Amino acid sequence: MTDAQETAAASSLRTTGGAPPDDGGSTAPGAPTPLLEPREGIPPVIADEAGLAEVVAAFAAGTGPVAVDAERASGYRYGQRAYLVQLRREGAGTALIDPVACPDLSALGAALHDTEWVLHAATQDLPCLREIGMVPTRLFDTELAGRLAGFPRVGLGAMVEGVLGYVLEKGHSAVDWSTRPLPEPWLRYAALDVELLVDLRDALEKELDRQGKLEWAHQEFAAIAAAPPAEPRKDPWRRTSGMHKVRRRRQLAVVRELWEARDRIAQRRDVSPGKVLSDAAIVEAALALPANVHALAALSGFGHRMGRRQLEQWQAAVDRAKALPEAQLPQQGQAVAGPPPPRAWADKDPAAAARLSAARTAVSALAEELSMPQENLITPDTVRRVCWEPPQGVTADAVAEALVSHGARPWQVELVTPVLVTALSAQAA
């Protein structure tokens with residue numbers, strides 16, 4: 001057992017309330033304190049180049065890590081662009097920047113190039129920050145840190161309450177951040193989201209160090225910072241909710257045509273695709289294959305509120321799908337790289353199914369021992385790939401090499417290799 005495993009096993013990590021114990025192994029009593037106002041009040045929203053230049057200078061002169069957050073308009077606008085960027089740094093205070101009015105924040109990103117950025121759930125915000133020129137070289141993800149440290153609830157509000165003893169007001173998390181001007185209560189909420197982020201980072205760093213997991217976290221954060229932008233998803237229309245009901249290739253073609261027509265309209269109007277036409281309506285039309293506008297209007301999702309012109313554009317998409325030659329119809333299943341779904345393993349390769357069962361059990365036990373989610377110890381996809389095509393010789397070096405080839409970090413390789421070797425060797429025997 002490693003030192004980290006012994007530390008994790010010996011710790012009495014508090015799960016009720018979501019906070020770890022202090023160095024003495026106990027938690028401070030008392031009700032959490034509502035956090036109602038930013039320390040320096042609500043800062044003005046920066047919406048011009050002169051104001052942005054002042055922010056760049058102030059944050060470049062600041063000290064220590066910088067807390068960074070971004071607000072999107074998911075469910076309201078097309079895409080995942082940022083509509084507000086919040087930052088806080090010692091010596092600079094808090095800044096709220098309108099990236100619609102100031103769409104190029106590369107100067108700010110450059111000023112913070114050598115600074116550690118503190119984000120909560122970094123992978124959610126990094127794509128929209130990248131679009132406006134803000135790309136960190138070093139970061140600390142407080143959500144991921146919470147997972148590695150064994151917190152049962154890792155939302156920002158739960159973490160701030162459990163670790164720091166403050167309650168954040170979260171009532172504006174799902175509002176339309178493309179609204180202009182932004183109401184004062186929303187700006188207060190946005191400023192408070194970065195108010196204690198560095199404090200949370202410091203407390204989590206101390207807890208990870210106490211558990212012997214800090215180096216693991218550093219490796220994870222470095223991997224996130226170094227990751228390239230995600231590749232565009234292939235056949236995104238296949239992710240339409242309710243697709244499991246669609247069985248025939250002609251029906252799949254209707255889903256594809258309607259999805260692509262909806263996407264073009266949503267992008268042109270800059271609205272969420274779901275506000276143009278619901279997934280449920282797309283699936284309904286695919287199953288019914290309506291012969292004309294009248295039949296389409298009778299379907300759920302195409303009711304009386306939809307005008308004749310709208311109905312005609314959706315019927316035109318249906319008709320295009322119905323007119324496609326058989327060779328151009330989409331295939332039933334999307335081509336999947338890697339092993340088949342685990343439910344099919346027992347029939348395709350019983351030995352692989354046995355390996356996977358043993359490996360899952362072993363990895364799950366180790367994750368529980370380390371007080372962290374199994375998927376953060378090693379991704380389920382990595383375990384599946386190693387079990388489907390194990391190395392020729394089930395040795396520690398061979399298994400470690402396989403894990404590295406699938407992107408596992410050094411700390412994961414060190415911990416997971418022994419349990420996988422044992423699981424795979426037992427099945428081979």
# chains A, B, ... in the order shown; residues from 1 in each chain; ligands from 1
$ select_by_dssp --residues "range 145-280 of chain A" --states "helix (DSSP H, G or I)" --output "PyMOL selection string"
chain A and resi 145-149+156-164+184-195+197-211+214-226+236-239+243-245+249-269+273-276+279-280
$ select_by_dssp --residues "range 32-86 of chain A" --states "strand (DSSP E or B)" --output "NGL selection string"
:A and (33-34 or 45-46 or 63-72 or 82-86)
$ residues_around --residues "range 73-86 of chain A" --least-positions-apart "2" --cutoff "6 Å" --atoms "only C-alpha atoms" --output "PyMOL selection string"
chain A and resi 68-71+95-99+128+176-178+267+270-272
$ write_last_selection --atoms "N, CA and C atoms" --output "short mmCIF file (atom, residue, chain, number, x, y, z; two decimals), in the first residue's frame"
data_model
loop_
_atom_site.label_atom_id
_atom_site.label_comp_id
_atom_site.auth_asym_id
_atom_site.auth_seq_id
_atom_site.Cartn_x
_atom_site.Cartn_y
_atom_site.Cartn_z
N VAL A 68 -10.99 32.58 -12.04
CA VAL A 68 -11.60 32.85 -13.35
C VAL A 68 -12.91 32.06 -13.47
N ASP A 69 -13.93 32.72 -13.99
CA ASP A 69 -15.21 32.06 -14.23
C ASP A 69 -15.82 32.69 -15.48
N ALA A 70 -16.74 31.99 -16.10
CA ALA A 70 -17.44 32.51 -17.27
C ALA A 70 -18.89 32.09 -17.22
N GLU A 71 -19.76 32.95 -17.68
CA GLU A 71 -21.19 32.65 -17.74
C GLU A 71 -21.62 32.54 -19.19
N ALA A 95 -13.06 41.76 -11.30
CA ALA A 95 -13.44 42.41 -12.56
C ALA A 95 -14.53 41.60 -13.24
N LEU A 96 -15.50 42.30 -13.80
CA LEU A 96 -16.55 41.69 -14.62
C LEU A 96 -16.40 42.26 -16.02
N ILE A 97 -16.22 41.39 -17.01
CA ILE A 97 -15.96 41.84 -18.38
C ILE A 97 -17.05 41.31 -19.30
N ASP A 98 -17.55 42.19 -20.17
CA ASP A 98 -18.55 41.82 -21.18
C ASP A 98 -17.81 41.38 -22.44
N PRO A 99 -17.74 40.07 -22.73
CA PRO A 99 -17.00 39.61 -23.91
C PRO A 99 -17.76 39.83 -25.22
N CYS A 128 -15.04 28.16 -24.03
CA CYS A 128 -15.54 29.50 -24.34
C CYS A 128 -14.49 30.56 -24.02
N ASP A 176 -30.54 33.78 -18.55
CA ASP A 176 -30.05 34.11 -19.88
C ASP A 176 -28.99 35.21 -19.76
N TRP A 177 -27.72 34.80 -19.75
CA TRP A 177 -26.64 35.75 -19.55
C TRP A 177 -26.38 36.62 -20.77
N SER A 178 -27.09 36.38 -21.87
CA SER A 178 -26.95 37.28 -23.02
C SER A 178 -27.81 38.53 -22.85
N GLN A 267 -28.67 28.54 -35.67
CA GLN A 267 -27.42 29.28 -35.81
C GLN A 267 -27.69 30.66 -36.43
N ASP A 270 -29.39 32.71 -33.81
CA ASP A 270 -28.65 32.73 -32.54
C ASP A 270 -29.56 32.42 -31.36
N VAL A 271 -30.22 31.28 -31.47
CA VAL A 271 -31.05 30.80 -30.36
C VAL A 271 -30.73 29.32 -30.14
N SER A 272 -31.08 28.83 -28.97
CA SER A 272 -30.86 27.42 -28.68
C SER A 272 -31.69 26.57 -29.64
#
$ atom_distance --atom1 "CA of Arg239 in chain A" --atom2 "CA of Val293 in chain A"
25.9 Å
$ closest_residue --among "A:Ser241, A:Ser278, A:Thr179, A:Thr142" --to "Glu207 in chain A" --atoms "only C-alpha atoms"
A:Thr142
$ residues_around --residues "Ser425 in chain A" --least-positions-apart "5" --cutoff "12 Å" --atoms "only C-alpha atoms" --output "PDB file with N, CA and C atoms, in the first residue's frame"
ATOM      1  N   ALA A 351     -14.256 -14.581 -22.440  1.00  0.00           N
ATOM      2  CA  ALA A 351     -13.027 -14.386 -21.661  1.00  0.00           C
ATOM      3  C   ALA A 351     -12.798 -12.901 -21.385  1.00  0.00           C
ATOM      4  N   ALA A 354     -15.123 -11.732 -18.678  1.00  0.00           N
ATOM      5  CA  ALA A 354     -14.635 -12.136 -17.357  1.00  0.00           C
ATOM      6  C   ALA A 354     -13.504 -11.216 -16.897  1.00  0.00           C
ATOM      7  N   ARG A 355     -12.612 -10.858 -17.830  1.00  0.00           N
ATOM      8  CA  ARG A 355     -11.530  -9.931 -17.483  1.00  0.00           C
ATOM      9  C   ARG A 355     -12.093  -8.587 -17.028  1.00  0.00           C
ATOM     10  N   ALA A 358     -13.653  -8.735 -13.507  1.00  0.00           N
ATOM     11  CA  ALA A 358     -12.619  -8.784 -12.465  1.00  0.00           C
ATOM     12  C   ALA A 358     -11.922  -7.435 -12.320  1.00  0.00           C
ATOM     13  N   ALA A 359     -11.629  -6.798 -13.451  1.00  0.00           N
ATOM     14  CA  ALA A 359     -10.931  -5.510 -13.413  1.00  0.00           C
ATOM     15  C   ALA A 359     -11.807  -4.432 -12.788  1.00  0.00           C
ATOM     16  N   CYS A 387      -8.932  -4.405 -21.141  1.00  0.00           N
ATOM     17  CA  CYS A 387      -9.526  -5.736 -20.949  1.00  0.00           C
ATOM     18  C   CYS A 387      -9.927  -6.381 -22.274  1.00  0.00           C
ATOM     19  N   PRO A 390      -5.923  -7.121 -24.065  1.00  0.00           N
ATOM     20  CA  PRO A 390      -4.852  -7.067 -23.069  1.00  0.00           C
ATOM     21  C   PRO A 390      -3.497  -7.290 -23.729  1.00  0.00           C
ATOM     22  N   PRO A 391      -2.408  -6.837 -23.090  1.00  0.00           N
ATOM     23  CA  PRO A 391      -1.074  -7.082 -23.658  1.00  0.00           C
ATOM     24  C   PRO A 391      -0.792  -8.580 -23.737  1.00  0.00           C
ATOM     25  N   GLN A 392       0.092  -8.933 -24.639  1.00  0.00           N
ATOM     26  CA  GLN A 392       0.406 -10.347 -24.864  1.00  0.00           C
ATOM     27  C   GLN A 392       0.850 -11.041 -23.586  1.00  0.00           C
ATOM     28  N   GLY A 393       1.749 -10.395 -22.862  1.00  0.00           N
ATOM     29  CA  GLY A 393       2.161 -10.930 -21.569  1.00  0.00           C
ATOM     30  C   GLY A 393       1.630 -10.023 -20.480  1.00  0.00           C
ATOM     31  N   VAL A 394       0.896 -10.577 -19.534  1.00  0.00           N
ATOM     32  CA  VAL A 394       0.289  -9.749 -18.492  1.00  0.00           C
ATOM     33  C   VAL A 394       1.341  -9.480 -17.414  1.00  0.00           C
ATOM     34  N   THR A 395       2.262  -8.576 -17.748  1.00  0.00           N
ATOM     35  CA  THR A 395       3.279  -8.150 -16.793  1.00  0.00           C
ATOM     36  C   THR A 395       3.002  -6.712 -16.391  1.00  0.00           C
ATOM     37  N   ALA A 396       3.638  -6.284 -15.308  1.00  0.00           N
ATOM     38  CA  ALA A 396       3.440  -4.910 -14.850  1.00  0.00           C
ATOM     39  C   ALA A 396       3.880  -3.910 -15.920  1.00  0.00           C
ATOM     40  N   VAL A 399       1.264  -3.905 -18.889  1.00  0.00           N
ATOM     41  CA  VAL A 399       0.001  -3.255 -18.520  1.00  0.00           C
ATOM     42  C   VAL A 399       0.210  -1.750 -18.359  1.00  0.00           C
ATOM     43  N   THR A 417      -1.944  -0.183 -12.185  1.00  0.00           N
ATOM     44  CA  THR A 417      -1.243  -1.317 -12.802  1.00  0.00           C
ATOM     45  C   THR A 417      -1.268  -2.576 -11.934  1.00  0.00           C
ATOM     46  N   PRO A 418      -0.921  -2.509 -10.657  1.00  0.00           N
ATOM     47  CA  PRO A 418      -0.906  -3.746  -9.859  1.00  0.00           C
ATOM     48  C   PRO A 418      -2.261  -4.451  -9.784  1.00  0.00           C
ATOM     49  N   VAL A 419      -3.359  -3.680  -9.625  1.00  0.00           N
ATOM     50  CA  VAL A 419      -4.667  -4.333  -9.497  1.00  0.00           C
ATOM     51  C   VAL A 419      -5.117  -4.913 -10.832  1.00  0.00           C
ATOM     52  N   LEU A 420      -4.750  -4.249 -11.942  1.00  0.00           N
ATOM     53  CA  LEU A 420      -5.111  -4.795 -13.249  1.00  0.00           C
ATOM     54  C   LEU A 420      -4.295  -6.048 -13.562  1.00  0.00           C
TER      55      LEU A 420
END
$ residues_around --residues "Leu200 in chain A" --least-positions-apart "3" --cutoff "12 Å" --atoms "only C-alpha atoms" --output "VMD selection string"
chain A and resid 19 65 67 118 to 120 140 to 143 145 to 146 154 156 to 166 193 to 197 203 to 207
$ atom_distance --atom1 "CA of Ala323 in chain A" --atom2 "CA of Ala266 in chain A"
24.6 Å
$ closest_residue --among "A:Ala253, A:Ala426, A:Ala50, A:Met372" --to "Trp216 in chain A" --atoms "only C-alpha atoms"
A:Met372
$ atom_distance --atom1 "CA of Glu169 in chain A" --atom2 "CA of Arg188 in chain A"
9.5 Å
$ residues_around --residues "Tyr189 in chain A" --least-positions-apart "6" --cutoff "10 Å" --atoms "only C-alpha atoms" --output "PyMOL selection string"
chain A and resi 35-38+42+168-173+195
$ closest_atom_pairs --of "range 316-408 of chain A" --to "range 258-264 of chain A" --cutoff "9 Å" --atoms "only C-alpha atoms" --output "tab-separated table"
residue	atom	partner	partner_atom	distance
A:Ala317	CA	A:Leu258	CA	5.7
A:Val318	CA	A:Leu258	CA	6.9
A:Ala321	CA	A:Leu258	CA	8.9
$ write_last_selection --atoms "C-alpha atoms" --output "JSON list (two decimals), in the first residue's frame"
[["chain", "number", "residue", "atom", "x", "y", "z"],
["A", 317, "ALA", "CA", -36.96, 18.26, -44.57],
["A", 318, "VAL", "CA", -39.11, 15.14, -44.10],
["A", 321, "ALA", "CA", -35.35, 12.23, -46.28]]
$ closest_residue --among "A:Ala122, A:His294, A:Leu324, A:Val386" --to "Gly338 in chain A" --atoms "only C-alpha atoms"
A:Val386
$ residues_around --residues "Ala110 in chain A" --least-positions-apart "2" --cutoff "10 Å" --atoms "only C-alpha atoms" --output "VMD selection string"
chain A and resid 56 60 105 to 108 112 to 115 133 to 136
$ closest_residue --among "A:Leu277, A:Leu377, A:Leu252, A:Met306" --to "Glu326 in chain A" --atoms "only C-alpha atoms"
A:Leu252
